[in-house]
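Participant: Contents of run.txt (compact mmCIF, C-alpha atoms) are given next:
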```txt
# COMPACT_ATOMS: atom_id res chain seq x y z
CA MET P 1 148.86 193.93 60.55
CA ILE P 2 145.10 194.23 60.05
CA GLY P 3 142.96 191.14 59.51
CA VAL P 4 139.79 191.15 57.39
CA PHE P 5 137.41 188.19 57.49
CA ASP P 6 134.46 187.17 55.35
CA SER P 7 132.69 183.89 54.85
CA GLY P 8 133.19 184.43 51.12
CA LEU P 9 134.40 187.04 48.65
CA GLY P 10 132.20 190.08 49.24
CA GLY P 11 134.55 191.38 51.91
CA LEU P 12 137.06 192.04 49.15
CA THR P 13 135.11 195.21 48.31
CA VAL P 14 135.84 196.45 51.83
CA LEU P 15 139.45 195.23 51.76
CA ARG P 16 140.08 196.97 48.45
CA ALA P 17 138.86 200.27 49.90
CA LEU P 18 141.07 199.81 52.97
CA VAL P 19 144.16 199.00 50.91
CA ALA P 20 143.56 202.11 48.79
CA ARG P 21 143.10 204.25 51.91
CA PHE P 22 146.05 202.75 53.86
CA PRO P 23 148.62 201.57 51.29
CA GLN P 24 151.36 201.51 53.92
CA LEU P 25 149.59 199.01 56.19
CA SER P 26 149.77 195.23 56.02
CA PHE P 27 146.50 193.33 55.55
CA VAL P 28 145.65 189.65 55.70
CA TYR P 29 142.27 188.51 54.34
CA LEU P 30 140.65 185.19 55.18
CA GLY P 31 137.65 183.82 53.30
CA ASP P 32 136.05 180.75 54.84
CA HIS P 33 134.97 179.29 51.51
CA ALA P 34 134.98 175.75 52.88
CA HIS P 35 131.87 176.61 54.91
CA VAL P 36 130.12 179.25 52.79
CA PRO P 37 127.29 180.27 52.78
CA TYR P 38 126.86 181.25 56.41
CA GLY P 39 123.28 182.38 55.81
CA ASN P 40 122.05 178.78 55.87
CA ARG P 41 123.73 177.97 59.19
CA SER P 42 122.51 178.28 62.77
CA SER P 43 123.61 181.24 64.85
CA ASP P 44 125.83 179.03 67.01
CA GLU P 45 127.55 177.68 63.89
CA VAL P 46 128.13 181.18 62.53
CA VAL P 47 129.61 182.30 65.86
CA GLU P 48 131.94 179.29 66.07
CA LEU P 49 133.11 179.50 62.45
CA THR P 50 133.72 183.23 62.80
CA ARG P 51 135.60 182.72 66.07
CA ARG P 52 137.87 180.14 64.50
CA SER P 53 138.68 182.44 61.60
CA VAL P 54 139.32 185.44 63.84
CA GLU P 55 141.68 183.36 65.96
CA ALA P 56 143.45 182.10 62.83
CA LEU P 57 144.06 185.73 61.83
CA TYR P 58 145.38 186.53 65.31
CA LYS P 59 147.83 183.64 64.95
CA ARG P 60 148.94 185.16 61.65
CA GLY P 61 149.90 188.35 63.48
CA ALA P 62 146.76 190.51 63.18
CA LYS P 63 145.99 192.36 66.39
CA LEU P 64 142.83 193.88 64.95
CA VAL P 65 140.32 191.93 62.83
CA LEU P 66 137.48 193.48 60.87
CA LEU P 67 134.50 191.27 60.05
CA GLY P 68 133.92 192.36 56.46
CA CYS P 69 130.67 190.39 56.34
CA ASN P 70 127.22 191.57 57.38
CA THR P 71 126.05 188.09 58.41
CA ALA P 72 129.08 187.42 60.59
CA THR P 73 128.82 190.90 62.08
CA ALA P 74 125.09 190.69 62.75
CA VAL P 75 125.21 187.20 64.26
CA ALA P 76 128.66 186.88 65.84
CA ALA P 77 130.35 190.22 66.50
CA ARG P 78 128.68 191.06 69.79
CA ARG P 79 129.18 187.58 71.25
CA LEU P 80 132.82 187.54 70.24
CA GLN P 81 133.46 191.01 71.63
CA ARG P 82 131.63 190.58 74.93
CA ILE P 83 131.83 186.89 75.76
CA TRP P 84 134.73 185.25 73.95
CA LEU P 85 137.49 187.84 73.56
CA PRO P 86 137.76 188.95 77.24
CA HIS P 87 138.63 185.36 78.22
CA ALA P 88 140.31 184.08 75.04
CA GLY P 89 143.90 184.78 75.97
CA TRP P 90 144.51 187.44 73.32
CA PRO P 91 145.26 190.61 75.31
CA GLY P 92 145.62 193.72 73.20
CA HIS P 93 143.57 192.24 70.35
CA ASN P 94 140.16 193.33 69.11
CA VAL P 95 137.47 192.43 66.59
CA LEU P 96 135.24 194.95 64.82
CA GLY P 97 132.23 194.65 62.52
CA ILE P 98 130.84 196.63 59.62
CA VAL P 99 127.38 197.27 61.04
CA ALA P 100 128.59 199.88 63.53
CA PRO P 101 130.17 202.28 60.99
CA THR P 102 127.18 201.86 58.71
CA VAL P 103 124.73 202.76 61.48
CA GLU P 104 126.93 205.69 62.49
CA ALA P 105 126.81 207.03 58.96
CA ALA P 106 123.06 206.46 58.64
CA THR P 107 122.19 208.16 61.93
CA GLN P 108 125.07 210.67 62.13
CA THR P 109 125.54 209.40 65.67
CA PRO P 110 128.62 207.76 67.21
CA TRP P 111 128.17 204.06 67.97
CA ALA P 112 128.84 204.66 71.68
CA VAL P 113 125.75 206.88 71.88
CA THR P 114 122.88 204.43 72.34
CA THR P 115 120.20 206.83 73.56
CA PRO P 116 118.48 209.43 71.39
CA GLN P 117 120.19 212.82 71.30
CA TYR P 118 119.08 216.13 69.87
CA PRO P 119 118.51 216.52 66.95
CA GLN P 120 118.61 212.83 65.99
CA LYS P 121 115.78 211.89 68.31
CA TYR P 122 113.42 214.03 66.22
CA MET P 123 114.59 212.68 62.84
CA THR P 124 111.70 211.25 60.82
CA ASP P 125 113.59 210.22 57.68
CA THR P 126 112.87 206.94 55.93
CA ILE P 127 115.87 204.69 55.43
CA ALA P 128 115.89 201.55 53.30
CA VAL P 129 118.12 198.58 54.08
CA PHE P 130 118.89 196.19 51.24
CA GLY P 131 120.60 192.97 52.27
CA THR P 132 120.64 189.20 52.18
CA THR P 133 117.78 187.33 53.81
CA ARG P 134 119.93 186.44 56.85
CA THR P 135 121.01 190.02 57.46
CA VAL P 136 117.45 191.28 57.10
CA THR P 137 115.97 188.65 59.41
CA SER P 138 118.60 189.40 62.05
CA GLY P 139 116.99 192.82 62.50
CA VAL P 140 120.31 194.35 63.48
CA TYR P 141 119.96 197.48 61.38
CA PRO P 142 116.46 198.51 62.55
CA GLU P 143 117.40 197.74 66.14
CA GLU P 144 120.59 199.80 66.15
CA ILE P 145 119.20 202.68 64.10
CA ARG P 146 116.13 203.06 66.33
CA LYS P 147 118.25 203.15 69.47
CA ARG P 148 119.66 206.40 68.16
CA CYS P 149 116.83 207.72 65.96
CA PRO P 150 113.56 206.28 67.33
CA ARG P 151 111.37 208.22 64.89
CA MET P 152 113.27 207.17 61.80
CA ARG P 153 111.37 204.72 59.62
CA VAL P 154 113.51 201.71 58.68
CA VAL P 155 112.28 199.60 55.77
CA GLN P 156 114.13 196.37 55.09
CA GLN P 157 114.17 194.53 51.77
CA ALA P 158 115.81 191.16 51.21
CA SER P 159 117.46 191.15 47.79
CA ALA P 160 117.08 187.44 47.13
CA GLY P 161 119.54 186.00 44.65
CA LEU P 162 121.40 189.24 43.99
CA ALA P 163 124.65 188.38 45.80
CA GLY P 164 124.86 185.02 44.06
CA ALA P 165 124.14 186.55 40.66
CA ILE P 166 126.90 189.12 41.18
CA GLU P 167 129.38 186.41 42.13
CA ASP P 168 128.34 184.28 39.14
CA GLU P 169 128.97 187.23 36.79
CA ALA P 170 125.37 187.32 35.60
CA PRO P 171 124.63 189.64 32.66
CA GLU P 172 123.92 193.23 33.58
CA ALA P 173 120.32 192.90 32.39
CA GLU P 174 119.76 190.11 34.90
CA LEU P 175 121.40 192.08 37.70
CA ASP P 176 119.35 195.14 36.78
CA ALA P 177 116.13 193.12 36.99
CA LEU P 178 117.06 191.82 40.44
CA VAL P 179 117.88 195.31 41.71
CA ALA P 180 114.68 196.69 40.18
CA ALA P 181 112.67 193.98 41.96
CA SER P 182 114.35 194.79 45.26
CA VAL P 183 113.66 198.50 44.93
CA ALA P 184 110.06 197.78 43.89
CA GLY P 185 109.62 195.58 46.96
CA MET P 186 110.93 198.36 49.17
CA LEU P 187 108.67 200.97 47.54
CA ALA P 188 105.66 198.68 48.05
CA GLN P 189 106.36 198.97 51.77
CA THR P 190 106.65 202.76 51.69
CA GLY P 191 103.63 203.35 49.50
CA GLY P 192 105.85 204.55 46.67
CA VAL P 193 107.69 207.11 48.79
CA GLN P 194 111.42 207.19 48.03
CA PRO P 195 113.68 206.77 51.07
CA HIS P 196 115.93 209.58 52.20
CA SER P 197 118.82 207.10 52.51
CA ALA P 198 119.53 203.54 51.43
CA ILE P 199 121.99 201.15 53.04
CA LEU P 200 123.54 198.59 50.73
CA GLY P 201 123.83 196.04 53.52
CA CYS P 202 125.74 193.36 51.65
CA THR P 203 129.38 193.70 50.64
CA HIS P 204 128.55 192.34 47.16
CA PHE P 205 126.17 195.20 46.44
CA PRO P 206 128.75 197.98 45.87
CA LEU P 207 129.45 196.27 42.54
CA VAL P 208 125.91 197.15 41.43
CA GLU P 209 125.60 200.49 43.20
CA HIS P 210 125.04 202.13 39.81
CA LEU P 211 121.96 199.94 39.33
CA PHE P 212 120.56 200.90 42.73
CA ARG P 213 121.17 204.51 41.77
CA ARG P 214 119.27 203.94 38.51
CA HIS P 215 116.17 202.68 40.34
CA LEU P 216 116.23 204.90 43.42
CA GLY P 217 115.26 208.54 43.36
CA PRO P 218 118.07 211.04 42.68
CA SER P 219 117.67 212.52 46.15
CA THR P 220 118.21 209.19 47.94
CA ARG P 221 121.59 209.05 49.66
CA ILE P 222 123.22 205.66 49.08
CA LEU P 223 125.46 204.33 51.84
CA SER P 224 127.92 201.87 50.33
CA GLN P 225 129.91 199.98 52.94
CA PRO P 226 133.47 200.08 51.51
CA ASP P 227 133.61 203.89 51.67
CA VAL P 228 131.70 204.07 54.94
CA VAL P 229 133.95 201.48 56.60
CA ALA P 230 137.16 203.05 55.30
CA ASN P 231 136.12 206.44 56.69
CA SER P 232 135.25 204.95 60.07
CA PHE P 233 138.40 202.82 60.15
CA GLU P 234 140.57 205.86 59.53
CA ASP P 235 139.02 207.59 62.53
CA TYR P 236 139.38 204.44 64.66
CA LEU P 237 143.09 204.07 63.88
CA GLU P 238 143.74 207.72 64.64
CA ARG P 239 142.28 207.12 68.11
CA LYS P 240 144.02 203.74 68.57
CA PRO P 241 147.33 203.97 66.70
CA HIS P 242 148.89 201.10 68.66
CA TYR P 243 147.19 198.64 66.29
CA THR P 244 149.38 199.86 63.43
CA ASP P 245 152.60 200.92 65.17
CA CYS P 246 155.68 200.23 63.02
CA ASP P 247 153.49 198.72 60.25
CA VAL P 248 154.78 200.25 57.03
CA SER P 249 155.41 197.23 54.81
CA GLY P 250 152.17 197.44 52.81
CA GLU P 251 152.02 193.65 52.45
CA LEU P 252 148.79 191.97 51.33
CA THR P 253 148.06 188.29 52.03
CA LEU P 254 144.91 186.54 50.82
CA LEU P 255 143.88 183.22 52.36
CA THR P 256 141.01 180.82 51.75
CA THR P 257 139.83 177.62 53.38
CA GLY P 258 138.63 176.55 49.92
CA ASP P 259 140.38 175.78 46.64
CA ALA P 260 142.94 178.56 46.15
CA ASP P 261 142.98 178.46 42.34
CA GLU P 262 139.20 178.52 42.05
CA ILE P 263 138.83 181.32 44.59
CA SER P 264 141.59 183.37 42.94
CA ALA P 265 139.69 183.22 39.65
CA ARG P 266 136.33 184.08 41.20
CA ALA P 267 137.83 186.93 43.22
CA ARG P 268 138.53 188.93 40.07
CA VAL P 269 134.84 189.79 39.90
CA PHE P 270 135.39 191.89 43.02
CA TRP P 271 138.93 193.08 42.36
CA PRO P 272 140.22 192.61 38.78
CA ASP P 273 143.93 192.68 39.66
CA VAL P 274 143.64 190.99 43.03
CA PRO P 275 146.68 188.90 44.10
CA ALA P 276 146.39 185.12 44.22
CA PHE P 277 144.91 183.36 47.25
CA SER P 278 146.68 180.67 49.26
CA HIS P 279 144.98 177.77 50.99
CA THR P 280 144.83 177.63 54.78
CA THR P 281 142.90 175.90 57.54
CA THR P 282 141.27 177.35 60.64
```
Transcribe the structure of this file into structure tokens.
Facilitator:
Amino acid sequence: MIGVFDSGLGGLTVLRALVARFPQLSFVYLGDHAHVPYGNRSSDEVVELTRRSVEALYKRGAKLVLLGCNTATAVAARRLQRIWLPHAGWPGHNVLGIVAPTVEAATQTPWAVTTPQYPQKYMTDTIAVFGTTRTVTSGVYPEEIRKRCPRMRVVQQASAGLAGAIEDEAPEAELDALVAASVAGMLAQTGGVQPHSAILGCTHFPLVEHLFRRHLGPSTRILSQPDVVANSFEDYLERKPHYTDCDVSGELTLLTTGDADEISARARVFWPDVPAFSHTTT
């Protein structure tokens, strides 16, 4: 069984891609809606809330948990992997984030390679990162991209209000205006030069990828996390098949720490025929 965690509902875009790619595997999704949004919390709070949810998924039978949330990944993944998990009493378990596969795709460099290699060390492309304010202020994308491609120009743009508007089912005209403002803010930083690539660094944003495409140049490569993560996850499981041994049931369980009926209704924005959520605690 594979666990997928998000503080809210955006991780459903990643889960949906994983279920489509691996229909034979069992997945359990946990949304910590009782404590959302994480972006307003301290780093220590984000780490602790994420740890509790990861452990809850382990107790449900998941040996591998994917943090389908950019904030949780940026703030908590490294501390959980390096500090908590080695001493947590969960041998054979692991936790992954969605920043690593995104950076791999952006730099065409494996995550394990943290020093510039030829030809990446000479790459001078401009890459735009669109995300929530918390993800942008964490600086995780510029930091990790420049480790591998030091000459690449990374321009970050906080897309304020966009994730909330998507979740609230705002009219397309309103969503289009928010995306247009984000792209305009990015272009103001580049002097009007279109980026070679653009990372949609929020799991809500794949739902408006067509709007980003409308406002970005036709030559800009858009990296949307559900596809990027599914590709990376497929490679990871081929190298580490023990996480899915004998898992052929294709079961899907959706859990929330919030109100199950309310969350089930809101989740349809991200996945129209999504199964119902059940309430749980962490």
Participant: Taking all atoms listed in the file into account, name the residue in P:Leu18, P:Pro226, P:Gln157, P:Ala76 that is nearest to Thr190 in chain P.
Facilitator: P:Gln157
Participant: Nearest to Gly89 in chain P among P:Pro241, P:Thr107, P:His215, P:Lys59, with distances taken over only C-alpha atoms: which residue is it?
Facilitator: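 For Gly89 in chain P, the nearest of the given residues is P:Lys59.
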Participant: Residues around (117.8, 187.1, 58.8), cut-off 10 Å, counting all atoms listed in the file - what are they as an MDAnalysis selection string?
Facilitator: chainID P and resid 39:40 71 74:75 131:140 158
Participant: For a test of reading the model, state the distance in Å between CA of Glu172 in chain P and CA of Val154 in chain P, rounded to one decimal.
Facilitator: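 Computing it gives 28.5 Å between the two atoms.
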Participant: Extract, using only C-alpha atoms, all DNA, RNA and protein residues at most 12 Å from Pro91 in chain P, discarding same-chain residues fewer than 6 positions from it, and format them as a list in words.
Facilitator: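 So, after excluding close chain neighbours, the residues are Tyr58, Lys63, Leu64, Trp84 and Leu85 of chain P.
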Participant: Output the selection as a JSON list (two decimals), in the coordinates of the input - C-alpha atoms for each residue.
Facilitator:
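Okay, selection.json is ready:
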```json
[["chain", "number", "residue", "atom", "x", "y", "z"],
["P", 58, "TYR", "CA", 145.38, 186.53, 65.31],
["P", 63, "LYS", "CA", 145.99, 192.36, 66.39],
["P", 64, "LEU", "CA", 142.83, 193.88, 64.95],
["P", 84, "TRP", "CA", 134.73, 185.25, 73.95],
["P", 85, "LEU", "CA", 137.49, 187.84, 73.56]]
```
Participant: For CA of Ser7 in chain P and CA of Val36 in chain P, determine how far apart the two atoms are, in Å to one decimal place.
Facilitator: 5.7 Å
Participant: Of the candidates P:Leu25, P:Ala34, P:Val4, P:Cys149, which shows the shortest atom-to-atom distance to Thr124 in chain P, using only C-alpha atoms?
Facilitator: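 The shortest atom-to-atom distance to Thr124 in chain P comes from P:Cys149.
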Participant: At a cut-off of 9 Å, using all atoms listed in the file, what residues contact His279 in chain P? Leave out same-chain residues fewer than 2 positions from it and give the result as a list in words.
Facilitator: Leu254, Leu255, Thr256, Thr257, Gly258, Asp259, Ala260, Asp261, Phe277 and Thr281 of chain P
Participant: Expressed in Å to a single decimal, how great is the separation between CA of Asp227 in chain P and CA of Val14 in chain P?
Facilitator: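 Atom-to-atom, CA of Asp227 in chain P to CA of Val14 in chain P, that is 7.8 Å.
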Participant: Just want the 12 Å neighbourhood of Gln117 in chain P, counted on only C-alpha atoms, with same-chain residues fewer than 3 positions away dropped. Output as a list in words.
Facilitator: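 The residues satisfying every condition are Thr107, Gln108, Thr109, Pro110, Ala112, Val113, Thr114, Gln120, Lys121, Tyr122, Met123, Arg146, Lys147, Arg148, Cys149, Pro150 and Arg151 of chain P.
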Participant: So that I can see what lies close to Ala77 in chain P, please list as a PDB file with C-alpha atoms, keeping the file's coordinate frame the residues with an atom at most 12 Å from it, counting only C-alpha atoms and leaving out residues fewer than 4 positions away in the same chain.
Facilitator:
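Result file follows (out08.pdb):
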```pdb
ATOM      1  CA  PHE P   5     137.410 188.190  57.490  1.00  0.00           C
ATOM      2  CA  SER P  43     123.610 181.240  64.850  1.00  0.00           C
ATOM      3  CA  VAL P  46     128.130 181.180  62.530  1.00  0.00           C
ATOM      4  CA  VAL P  47     129.610 182.300  65.860  1.00  0.00           C
ATOM      5  CA  GLU P  48     131.940 179.290  66.070  1.00  0.00           C
ATOM      6  CA  LEU P  49     133.110 179.500  62.450  1.00  0.00           C
ATOM      7  CA  THR P  50     133.720 183.230  62.800  1.00  0.00           C
ATOM      8  CA  ARG P  51     135.600 182.720  66.070  1.00  0.00           C
ATOM      9  CA  VAL P  54     139.320 185.440  63.840  1.00  0.00           C
ATOM     10  CA  VAL P  65     140.320 191.930  62.830  1.00  0.00           C
ATOM     11  CA  LEU P  66     137.480 193.480  60.870  1.00  0.00           C
ATOM     12  CA  LEU P  67     134.500 191.270  60.050  1.00  0.00           C
ATOM     13  CA  GLY P  68     133.920 192.360  56.460  1.00  0.00           C
ATOM     14  CA  CYS P  69     130.670 190.390  56.340  1.00  0.00           C
ATOM     15  CA  ASN P  70     127.220 191.570  57.380  1.00  0.00           C
ATOM     16  CA  THR P  71     126.050 188.090  58.410  1.00  0.00           C
ATOM     17  CA  ALA P  72     129.080 187.420  60.590  1.00  0.00           C
ATOM     18  CA  THR P  73     128.820 190.900  62.080  1.00  0.00           C
ATOM     19  CA  GLN P  81     133.460 191.010  71.630  1.00  0.00           C
ATOM     20  CA  ARG P  82     131.630 190.580  74.930  1.00  0.00           C
ATOM     21  CA  ILE P  83     131.830 186.890  75.760  1.00  0.00           C
ATOM     22  CA  TRP P  84     134.730 185.250  73.950  1.00  0.00           C
ATOM     23  CA  LEU P  85     137.490 187.840  73.560  1.00  0.00           C
ATOM     24  CA  ASN P  94     140.160 193.330  69.110  1.00  0.00           C
ATOM     25  CA  VAL P  95     137.470 192.430  66.590  1.00  0.00           C
ATOM     26  CA  LEU P  96     135.240 194.950  64.820  1.00  0.00           C
ATOM     27  CA  GLY P  97     132.230 194.650  62.520  1.00  0.00           C
ATOM     28  CA  ILE P  98     130.840 196.630  59.620  1.00  0.00           C
ATOM     29  CA  VAL P  99     127.380 197.270  61.040  1.00  0.00           C
ATOM     30  CA  ALA P 100     128.590 199.880  63.530  1.00  0.00           C
ATOM     31  CA  VAL P 140     120.310 194.350  63.480  1.00  0.00           C
TER      32      VAL P 140
END
```
Participant: From the set P:Pro275, P:Pro142, P:Pro206, P:Gly191, which residue has the shortest atom-to-atom contact distance to Val179 in chain P, counting only C-alpha atoms?
Facilitator: P:Pro206
Participant: With all atoms listed in the file as the atoms that count, which of P:Thr253, P:Thr115, P:Ser264, P:Ser159 lies nearest to Leu178 in chain P?
Facilitator: P:Ser159
Participant: Given only C-alpha atoms as the basis, pick out the residue of P:Asp6, P:Glu144, P:Glu55, P:Glu169 nearest to Pro37 in chain P.
Facilitator: P:Asp6
